[in-house]
Each structure stands twice: as C-alpha cells, then as structure tokens.
file protein37.pdb (PDB, C-alpha atoms, pLDDT in the B column)
ATOM      1  CA  MET A   1      -4.349 -13.566   3.836  1.00 56.00           C
ATOM      2  CA  ALA A   2      -0.888 -13.588   2.430  1.00 57.00           C
ATOM      3  CA  ALA A   3       0.233 -10.150   1.460  1.00 75.00           C
ATOM      4  CA  ILE A   4       3.962  -9.978   1.654  1.00 80.00           C
ATOM      5  CA  ASP A   5       6.540 -10.499  -1.006  1.00 84.00           C
ATOM      6  CA  GLN A   6       8.230 -13.896  -0.715  1.00 79.00           C
ATOM      7  CA  ALA A   7      11.683 -12.397  -0.900  1.00 80.00           C
ATOM      8  CA  LEU A   8      10.841 -10.180   2.057  1.00 79.00           C
ATOM      9  CA  VAL A   9       9.529 -13.175   4.001  1.00 78.00           C
ATOM     10  CA  SER A  10      12.918 -14.796   3.639  1.00 80.00           C
ATOM     11  CA  ILE A  11      14.720 -11.615   4.631  1.00 81.00           C
ATOM     12  CA  LEU A  12      12.650 -11.348   7.784  1.00 80.00           C
ATOM     13  CA  LEU A  13      13.254 -14.988   8.659  1.00 74.00           C
ATOM     14  CA  ASN A  14      16.928 -14.802   7.903  1.00 78.00           C
ATOM     15  CA  GLY A  15      17.331 -11.643   9.893  1.00 78.00           C
ATOM     16  CA  LEU A  16      15.911 -13.335  12.958  1.00 74.00           C
ATOM     17  CA  THR A  17      17.654 -16.683  12.748  1.00 78.00           C
ATOM     18  CA  PRO A  18      21.317 -17.783  12.782  1.00 78.00           C
ATOM     19  CA  THR A  19      21.687 -17.896   9.030  1.00 77.00           C
ATOM     20  CA  GLY A  20      24.741 -15.649   8.855  1.00 76.00           C
ATOM     21  CA  ALA A  21      28.414 -16.618   8.978  1.00 80.00           C
ATOM     22  CA  ALA A  22      29.329 -18.700  12.041  1.00 80.00           C
ATOM     23  CA  GLY A  23      25.735 -18.647  13.161  1.00 77.00           C
ATOM     24  CA  ILE A  24      25.192 -14.941  13.429  1.00 78.00           C
ATOM     25  CA  PRO A  25      21.836 -13.504  12.395  1.00 78.00           C
ATOM     26  CA  GLY A  26      21.471 -13.247   8.650  1.00 80.00           C
ATOM     27  CA  THR A  27      20.894 -10.183   6.518  1.00 75.00           C
ATOM     28  CA  ALA A  28      20.213  -7.199   8.695  1.00 74.00           C
ATOM     29  CA  ILE A  29      16.631  -6.079   8.555  1.00 74.00           C
ATOM     30  CA  GLY A  30      16.565  -2.510   7.346  1.00 68.00           C
ATOM     31  CA  THR A  31      18.644  -2.820   4.244  1.00 72.00           C
ATOM     32  CA  PRO A  32      16.161  -4.665   1.997  1.00 79.00           C
ATOM     33  CA  VAL A  33      14.053  -1.612   1.377  1.00 82.00           C
ATOM     34  CA  GLY A  34      16.846   0.922   1.515  1.00 80.00           C
ATOM     35  CA  THR A  35      17.211   3.921   3.759  1.00 80.00           C
ATOM     36  CA  SER A  36      15.392   6.567   1.695  1.00 85.00           C
ATOM     37  CA  ALA A  37      11.731   7.558   1.810  1.00 88.00           C
ATOM     38  CA  MET A  38       9.344   4.794   0.812  1.00 90.00           C
ATOM     39  CA  LYS A  39       6.665   4.960  -1.882  1.00 94.00           C
ATOM     40  CA  ILE A  40       3.191   3.662  -2.569  1.00 96.00           C
ATOM     41  CA  ARG A  41       3.038   2.272  -6.084  1.00 97.00           C
ATOM     42  CA  LEU A  42      -0.406   2.050  -7.659  1.00 98.00           C
ATOM     43  CA  ASN A  43      -1.189  -0.705 -10.113  1.00 98.00           C
ATOM     44  CA  SER A  44      -3.804  -1.325 -12.757  1.00 98.00           C
ATOM     45  CA  THR A  45      -3.440  -5.069 -12.303  1.00 97.00           C
ATOM     46  CA  LEU A  46      -3.273  -7.225  -9.225  1.00 96.00           C
ATOM     47  CA  SER A  47       0.050  -7.665  -7.481  1.00 96.00           C
ATOM     48  CA  THR A  48       1.031 -11.117  -6.319  1.00 93.00           C
ATOM     49  CA  ALA A  49       3.439 -12.514  -3.757  1.00 89.00           C
ATOM     50  CA  SER A  50       6.000 -12.831  -6.526  1.00 92.00           C
ATOM     51  CA  ALA A  51       5.582  -9.684  -8.590  1.00 94.00           C
ATOM     52  CA  ALA A  52       4.116  -6.209  -8.556  1.00 96.00           C
ATOM     53  CA  GLY A  53       1.155  -5.340 -10.705  1.00 96.00           C
ATOM     54  CA  THR A  54       1.413  -2.961 -13.626  1.00 97.00           C
ATOM     55  CA  ASP A  55       2.232   0.573 -12.507  1.00 98.00           C
ATOM     56  CA  ILE A  56      -0.508   3.008 -13.529  1.00 98.00           C
ATOM     57  CA  GLY A  57       2.221   5.316 -14.800  1.00 97.00           C
ATOM     58  CA  THR A  58       2.496   9.080 -14.625  1.00 98.00           C
ATOM     59  CA  GLN A  59      -0.884  10.774 -14.406  1.00 98.00           C
ATOM     60  CA  THR A  60      -2.137  14.285 -15.132  1.00 97.00           C
ATOM     61  CA  SER A  61      -0.912  15.419 -11.738  1.00 97.00           C
ATOM     62  CA  GLY A  62      -0.103  13.992  -8.344  1.00 98.00           C
ATOM     63  CA  TYR A  63       1.421  10.693  -9.419  1.00 98.00           C
ATOM     64  CA  THR A  64       4.665   9.902 -11.192  1.00 97.00           C
ATOM     65  CA  ALA A  65       5.519   6.420 -12.396  1.00 97.00           C
ATOM     66  CA  GLY A  66       7.050   4.487  -9.536  1.00 97.00           C
ATOM     67  CA  GLY A  67       4.728   5.665  -6.849  1.00 97.00           C
ATOM     68  CA  TRP A  68       3.574   8.361  -4.490  1.00 96.00           C
ATOM     69  CA  THR A  69       6.334   9.903  -2.430  1.00 93.00           C
ATOM     70  CA  SER A  70       6.283  12.087   0.687  1.00 91.00           C
ATOM     71  CA  LEU A  71       4.082   9.611   2.512  1.00 93.00           C
ATOM     72  CA  GLY A  72       5.045  11.009   5.904  1.00 91.00           C
ATOM     73  CA  GLN A  73       6.293   9.103   8.933  1.00 91.00           C
ATOM     74  CA  SER A  74       3.742   6.477   9.920  1.00 89.00           C
ATOM     75  CA  THR A  75       3.108   5.764  13.556  1.00 89.00           C
ATOM     76  CA  ALA A  76       5.402   2.894  14.546  1.00 85.00           C
ATOM     77  CA  SER A  77       4.018  -0.482  15.494  1.00 85.00           C
ATOM     78  CA  ALA A  78       4.134  -1.284  19.197  1.00 84.00           C
ATOM     79  CA  SER A  79       3.342  -4.645  20.741  1.00 81.00           C
ATOM     80  CA  GLY A  80       2.330  -5.960  17.363  1.00 81.00           C
ATOM     81  CA  THR A  81      -0.127  -3.234  16.382  1.00 85.00           C
ATOM     82  CA  ALA A  82      -0.780  -2.540  12.727  1.00 89.00           C
ATOM     83  CA  VAL A  83       1.005   0.252  10.897  1.00 90.00           C
ATOM     84  CA  GLY A  84      -1.216   2.709   9.038  1.00 92.00           C
ATOM     85  CA  VAL A  85      -0.027   4.269   5.777  1.00 94.00           C
ATOM     86  CA  PRO A  86       0.135   6.902   4.497  1.00 95.00           C
ATOM     87  CA  LEU A  87       0.390   9.495   7.246  1.00 93.00           C
ATOM     88  CA  THR A  88      -0.217  12.239   4.678  1.00 95.00           C
ATOM     89  CA  THR A  89      -3.211  11.953   2.344  1.00 96.00           C
ATOM     90  CA  GLN A  90      -2.152  11.087  -1.204  1.00 97.00           C
ATOM     91  CA  SER A  91      -4.054  11.831  -4.400  1.00 97.00           C
ATOM     92  CA  PHE A  92      -3.716  12.092  -8.153  1.00 98.00           C
ATOM     93  CA  VAL A  93      -5.759  13.495 -11.018  1.00 98.00           C
ATOM     94  CA  SER A  94      -6.396  10.779 -13.567  1.00 98.00           C
ATOM     95  CA  SER A  95      -5.331  11.011 -17.183  1.00 97.00           C
ATOM     96  CA  GLY A  96      -7.804   8.292 -17.980  1.00 95.00           C
ATOM     97  CA  SER A  97      -5.111   5.760 -18.752  1.00 94.00           C
ATOM     98  CA  PRO A  98      -5.538   3.337 -17.217  1.00 90.00           C
ATOM     99  CA  THR A  99      -9.107   3.711 -16.070  1.00 88.00           C
ATOM    100  CA  ALA A 100      -8.866   1.668 -12.904  1.00 96.00           C
ATOM    101  CA  VAL A 101      -6.723   1.266  -9.817  1.00 97.00           C
ATOM    102  CA  VAL A 102      -6.524  -2.310  -8.609  1.00 97.00           C
ATOM    103  CA  SER A 103      -3.674  -2.820  -6.163  1.00 97.00           C
ATOM    104  CA  PHE A 104      -0.722  -1.195  -4.459  1.00 96.00           C
ATOM    105  CA  ASP A 105       2.808  -2.044  -3.441  1.00 95.00           C
ATOM    106  CA  LEU A 106       4.590  -0.382  -0.543  1.00 92.00           C
ATOM    107  CA  THR A 107       8.117  -0.079  -1.893  1.00 91.00           C
ATOM    108  CA  GLY A 108      11.517   1.277  -1.080  1.00 88.00           C
ATOM    109  CA  SER A 109      12.701   4.359  -2.948  1.00 89.00           C
ATOM    110  CA  ALA A 110      14.327   2.143  -5.564  1.00 90.00           C
ATOM    111  CA  ALA A 111      11.198   0.025  -6.102  1.00 92.00           C
ATOM    112  CA  GLN A 112      12.163  -2.729  -3.659  1.00 89.00           C
ATOM    113  CA  ARG A 113       8.923  -4.561  -2.895  1.00 90.00           C
ATOM    114  CA  GLY A 114       7.496  -5.085   0.533  1.00 87.00           C
ATOM    115  CA  PHE A 115       3.865  -5.327   1.411  1.00 89.00           C
ATOM    116  CA  TRP A 116       1.214  -5.334  -1.265  1.00 93.00           C
ATOM    117  CA  GLY A 117      -2.506  -5.755  -1.550  1.00 94.00           C
ATOM    118  CA  PRO A 118      -5.668  -5.154  -3.541  1.00 95.00           C
ATOM    119  CA  PHE A 119      -7.718  -2.067  -2.759  1.00 95.00           C
ATOM    120  CA  ASN A 120     -10.953  -2.874  -1.035  1.00 92.00           C
ATOM    121  CA  GLY A 121     -13.628  -2.705  -3.725  1.00 92.00           C
ATOM    122  CA  GLN A 122     -11.179  -2.939  -6.618  1.00 95.00           C
ATOM    123  CA  PRO A 123     -11.129  -2.244  -9.458  1.00 97.00           C
ATOM    124  CA  VAL A 124     -11.621   1.406  -8.544  1.00 97.00           C
ATOM    125  CA  ASN A 125     -12.651   3.224 -11.706  1.00 96.00           C
ATOM    126  CA  VAL A 126     -11.122   6.681 -11.982  1.00 97.00           C
ATOM    127  CA  ALA A 127     -12.304   8.519 -15.075  1.00 97.00           C
ATOM    128  CA  SER A 128     -10.133  11.120 -16.772  1.00 97.00           C
ATOM    129  CA  GLY A 129     -10.105  14.321 -14.726  1.00 97.00           C
ATOM    130  CA  ASN A 130     -11.323  12.657 -11.566  1.00 97.00           C
ATOM    131  CA  THR A 131      -9.198  12.455  -8.447  1.00 97.00           C
ATOM    132  CA  PHE A 132      -8.258   9.246  -6.637  1.00 97.00           C
ATOM    133  CA  GLN A 133      -7.270   9.726  -3.034  1.00 97.00           C
ATOM    134  CA  VAL A 134      -5.981   7.434  -0.316  1.00 97.00           C
ATOM    135  CA  THR A 135      -6.784   8.664   3.146  1.00 96.00           C
ATOM    136  CA  GLY A 136      -3.862   9.663   5.280  1.00 95.00           C
ATOM    137  CA  GLY A 137      -3.785   9.624   9.022  1.00 93.00           C
ATOM    138  CA  SER A 138      -2.120   8.497  12.185  1.00 92.00           C
ATOM    139  CA  GLY A 139      -2.356   4.823  13.067  1.00 91.00           C
ATOM    140  CA  ALA A 140      -5.822   3.364  12.639  1.00 93.00           C
ATOM    141  CA  ALA A 141      -7.059   6.399  10.690  1.00 94.00           C
ATOM    142  CA  ALA A 142      -4.880   5.759   7.656  1.00 94.00           C
ATOM    143  CA  GLY A 143      -6.380   4.253   4.526  1.00 95.00           C
ATOM    144  CA  ILE A 144      -4.103   1.221   4.454  1.00 94.00           C
ATOM    145  CA  GLN A 145      -3.530  -0.905   7.547  1.00 94.00           C
ATOM    146  CA  ILE A 146      -0.627  -3.350   7.542  1.00 90.00           C
ATOM    147  CA  SER A 147       0.024  -6.059  10.084  1.00 87.00           C
ATOM    148  CA  LEU A 148       2.139  -9.196  10.235  1.00 81.00           C
ATOM    149  CA  THR A 149       0.593 -12.313  11.691  1.00 74.00           C
TER     150      THR A 149
ATOM    151  CA  MET B   1     -18.155  13.096   6.783  1.00 53.00           C
ATOM    152  CA  SER B   2     -20.849  10.650   5.790  1.00 62.00           C
ATOM    153  CA  ILE B   3     -19.888   8.616   2.753  1.00 64.00           C
ATOM    154  CA  PRO B   4     -22.368   6.446   0.851  1.00 63.00           C
ATOM    155  CA  GLY B   5     -21.490   2.796   1.181  1.00 62.00           C
ATOM    156  CA  LEU B   6     -19.594   3.252   4.414  1.00 68.00           C
ATOM    157  CA  ARG B   7     -20.815   3.024   7.984  1.00 70.00           C
ATOM    158  CA  ASP B   8     -20.468   6.262   9.908  1.00 70.00           C
ATOM    159  CA  ASP B   9     -17.913   4.610  12.193  1.00 71.00           C
ATOM    160  CA  GLU B  10     -15.958   3.169   9.295  1.00 70.00           C
ATOM    161  CA  PRO B  11     -13.048   5.261   8.002  1.00 74.00           C
ATOM    162  CA  ALA B  12     -12.663   5.701   4.260  1.00 86.00           C
ATOM    163  CA  GLY B  13      -9.655   4.037   2.738  1.00 94.00           C
ATOM    164  CA  TRP B  14      -9.937   5.626  -0.665  1.00 96.00           C
ATOM    165  CA  VAL B  15     -12.172   8.225  -2.288  1.00 95.00           C
ATOM    166  CA  VAL B  16     -12.792   9.322  -5.883  1.00 96.00           C
ATOM    167  CA  TYR B  17     -13.850  12.905  -6.558  1.00 96.00           C
ATOM    168  CA  ASP B  18     -15.025  14.547  -9.773  1.00 96.00           C
ATOM    169  CA  PRO B  19     -13.336  17.751 -10.991  1.00 96.00           C
ATOM    170  CA  ASP B  20     -15.850  19.838  -9.045  1.00 96.00           C
ATOM    171  CA  GLY B  21     -15.015  18.059  -5.817  1.00 95.00           C
ATOM    172  CA  GLY B  22     -18.160  15.970  -5.810  1.00 94.00           C
ATOM    173  CA  LEU B  23     -17.952  12.486  -4.347  1.00 93.00           C
ATOM    174  CA  VAL B  24     -17.970   9.782  -7.018  1.00 94.00           C
ATOM    175  CA  ALA B  25     -17.112   6.677  -5.010  1.00 94.00           C
ATOM    176  CA  ALA B  26     -15.443   5.583  -1.815  1.00 94.00           C
ATOM    177  CA  GLY B  27     -14.292   2.383  -0.223  1.00 94.00           C
ATOM    178  CA  PRO B  28     -13.335   1.134   3.208  1.00 93.00           C
ATOM    179  CA  GLN B  29      -9.789   0.804   4.483  1.00 93.00           C
ATOM    180  CA  THR B  30      -7.575  -1.783   2.892  1.00 91.00           C
ATOM    181  CA  VAL B  31      -6.466  -4.091   5.681  1.00 90.00           C
ATOM    182  CA  ILE B  32      -3.418  -6.189   4.923  1.00 88.00           C
ATOM    183  CA  GLU B  33      -2.790  -8.997   7.360  1.00 86.00           C
ATOM    184  CA  ALA B  34       0.394 -10.439   6.018  1.00 83.00           C
ATOM    185  CA  SER B  35       1.470 -13.892   7.048  1.00 77.00           C
ATOM    186  CA  ALA B  36       4.571 -15.863   6.386  1.00 64.00           C
ATOM    187  CA  ASP B  37       2.775 -18.491   4.350  1.00 64.00           C
ATOM    188  CA  ALA B  38       3.253 -16.123   1.399  1.00 51.00           C
ATOM    189  CA  GLY B  39       0.172 -17.239  -0.441  1.00 53.00           C
ATOM    190  CA  GLU B  40       0.219 -20.948   0.267  1.00 51.00           C
ATOM    191  CA  GLU B  41      -3.211 -21.696   1.608  1.00 49.00           C
ATOM    192  CA  THR B  42      -3.524 -24.885   3.604  1.00 45.00           C
TER     193      THR B  42
END

call {"tool": "encode", "arguments": {"input": "protein37.pdb", "output": "structure tokens"}}
result
Amino acid sequence: MAAIDQALVSILLNGLTPTGAAGIPGTAIGTPVGTSAMKIRLNSTLSTASAAGTDIGTQTSGYTAGGWTSLGQSTASASGTAVGVPLTTQSFVSSGSPTAVVSFDLTGSAAQRGFWGPFNGQPVNVASGNTFQVTGGSGAAAGIQISLT
Amino acid sequence: MSIPGLRDDEPAGWVVYDPDGGLVAAGPQTVIEASADAGEET
C-alpha cells in the first residue's frame, strides 16, 4: 500500500542517486523534515499521497492544532525493520468537534509531510469528553508501524 | 490487558476511553508499508 507523500518519494530517490551538481547525490536526506522534534497530526478526513487530511484542530486538552509533540525517540530501523511511533503514548480529550479521527500524518515540526495513513478501523468516533489514545512503545509495541518497501 | 475486538497477542494501536476511564473502543496497530509507487496501483 502506498503511504508516503510523493514529494518525499522524490527526495528519497534524489538523495540516493546522482541528481546533484556534477553528478553528486541530490538533496541531502535529513533536511526535508527539518531538524526539530516531529509531530503526529490527526485528521478528520483521509490523507492522500498528495495532501494531508483536515487537522482535527485544538481539542479540550492533549492536542493542539498541528499535531502531537513530544513523541519520544523511536527505536531506529536496522536491516530494514519497521519503525514504531510514538515511543511515548499520546492522547487527547475530545471537544466533540470533529467527532471522528480518520487518519494521521507524521510531520516535521513545521508541518512538512512524510508518512501518512488511515487508522485501522477508521473512522474512530470520539465523543466529547472521551479520550483518544495512540499506544506508545518501543519498536513493535508502538501503535503505528512504518516500513518502506 | 484484554481488549474486546483484539486478539490477546495483538497489541492495541489506539484506544478510546470514557471520562471515567472505561474502555469505549479499541483498534489494532496501524501498519504502514510505504512503497515508492506512491499510490499508483498496477
């Protein structure tokens, strides 16, 4: 299943092929998503390969428009293993608007898109006052598993 | 923790709780297997 922003696909390809001046590797991988802590953006509509879904916006507590922060340092991929995010469990108390969580985008601190996907079982209805939580953990224990095939 | 709708050996990806901490719903992990086709199914 495709689940990576098309712009990021090109960055990865360009960073690994001689697309830079005089045949050097192209854009250095690392800069596209910045150097500050990443976020998980939650959306009330489905993200696509071209665009993020609609941010659920600031909630009663636990979520500010733009995404969850302080995700923690995920266990690095080795020999092609998946990366689990978040390391630290994330949650928010719903304001009731919107009433459902559909998809997420893993972004840079300035909203640069990377991986995205629909939550398993979406739409996840979260009534006002209820808490939505994504399981944190190391590696395979985390609620979102990301791999590149 | 045993969660309705999930196998015991299946980790929860997301969980919804009511204000009293009662379990409302839960779902399995979201597994993203990204590929460079970027959505172009062949």

call {"tool": "interface_residues", "arguments": {"input": "protein37.pdb", "of": "chain A", "to": "chain B", "cutoff": "10 Å", "atoms": "only C-alpha atoms", "output": "ChimeraX atom specification"}}
result
/A:1-10,12-13,48-50,82-84,89-93,103,115-122,124-136,140-149

call {"tool": "resolve_selection", "arguments": {"input": "protein37.pdb", "expression": "the PyMOL selection byres ((chain A and resi 109) around 12)", "output": "ChimeraX atom specification"}}
result
/A:31-41,66-71,105-108,110-114

call {"tool": "write_last_selection", "arguments": {"input": "protein37.pdb", "atoms": "C-alpha atoms", "output": "mmCIF file, keeping the file's coordinate frame"}}
result
data_model
loop_
_atom_site.group_PDB
_atom_site.id
_atom_site.type_symbol
_atom_site.label_atom_id
_atom_site.label_comp_id
_atom_site.auth_asym_id
_atom_site.auth_seq_id
_atom_site.Cartn_x
_atom_site.Cartn_y
_atom_site.Cartn_z
ATOM 1 C CA THR A 31 18.644 -2.820 4.244
ATOM 2 C CA PRO A 32 16.161 -4.665 1.997
ATOM 3 C CA VAL A 33 14.053 -1.612 1.377
ATOM 4 C CA GLY A 34 16.846 0.922 1.515
ATOM 5 C CA THR A 35 17.211 3.921 3.759
ATOM 6 C CA SER A 36 15.392 6.567 1.695
ATOM 7 C CA ALA A 37 11.731 7.558 1.810
ATOM 8 C CA MET A 38 9.344 4.794 0.812
ATOM 9 C CA LYS A 39 6.665 4.960 -1.882
ATOM 10 C CA ILE A 40 3.191 3.662 -2.569
ATOM 11 C CA ARG A 41 3.038 2.272 -6.084
ATOM 12 C CA GLY A 66 7.050 4.487 -9.536
ATOM 13 C CA GLY A 67 4.728 5.665 -6.849
ATOM 14 C CA TRP A 68 3.574 8.361 -4.490
ATOM 15 C CA THR A 69 6.334 9.903 -2.430
ATOM 16 C CA SER A 70 6.283 12.087 0.687
ATOM 17 C CA LEU A 71 4.082 9.611 2.512
ATOM 18 C CA ASP A 105 2.808 -2.044 -3.441
ATOM 19 C CA LEU A 106 4.590 -0.382 -0.543
ATOM 20 C CA THR A 107 8.117 -0.079 -1.893
ATOM 21 C CA GLY A 108 11.517 1.277 -1.080
ATOM 22 C CA ALA A 110 14.327 2.143 -5.564
ATOM 23 C CA ALA A 111 11.198 0.025 -6.102
ATOM 24 C CA GLN A 112 12.163 -2.729 -3.659
ATOM 25 C CA ARG A 113 8.923 -4.561 -2.895
ATOM 26 C CA GLY A 114 7.496 -5.085 0.533
#

call {"tool": "atom_distance", "arguments": {"input": "protein37.pdb", "atom1": "atom CA of Leu42 of chain A", "atom2": "atom CA of Gly62 of chain A"}}
result
12.0 Å
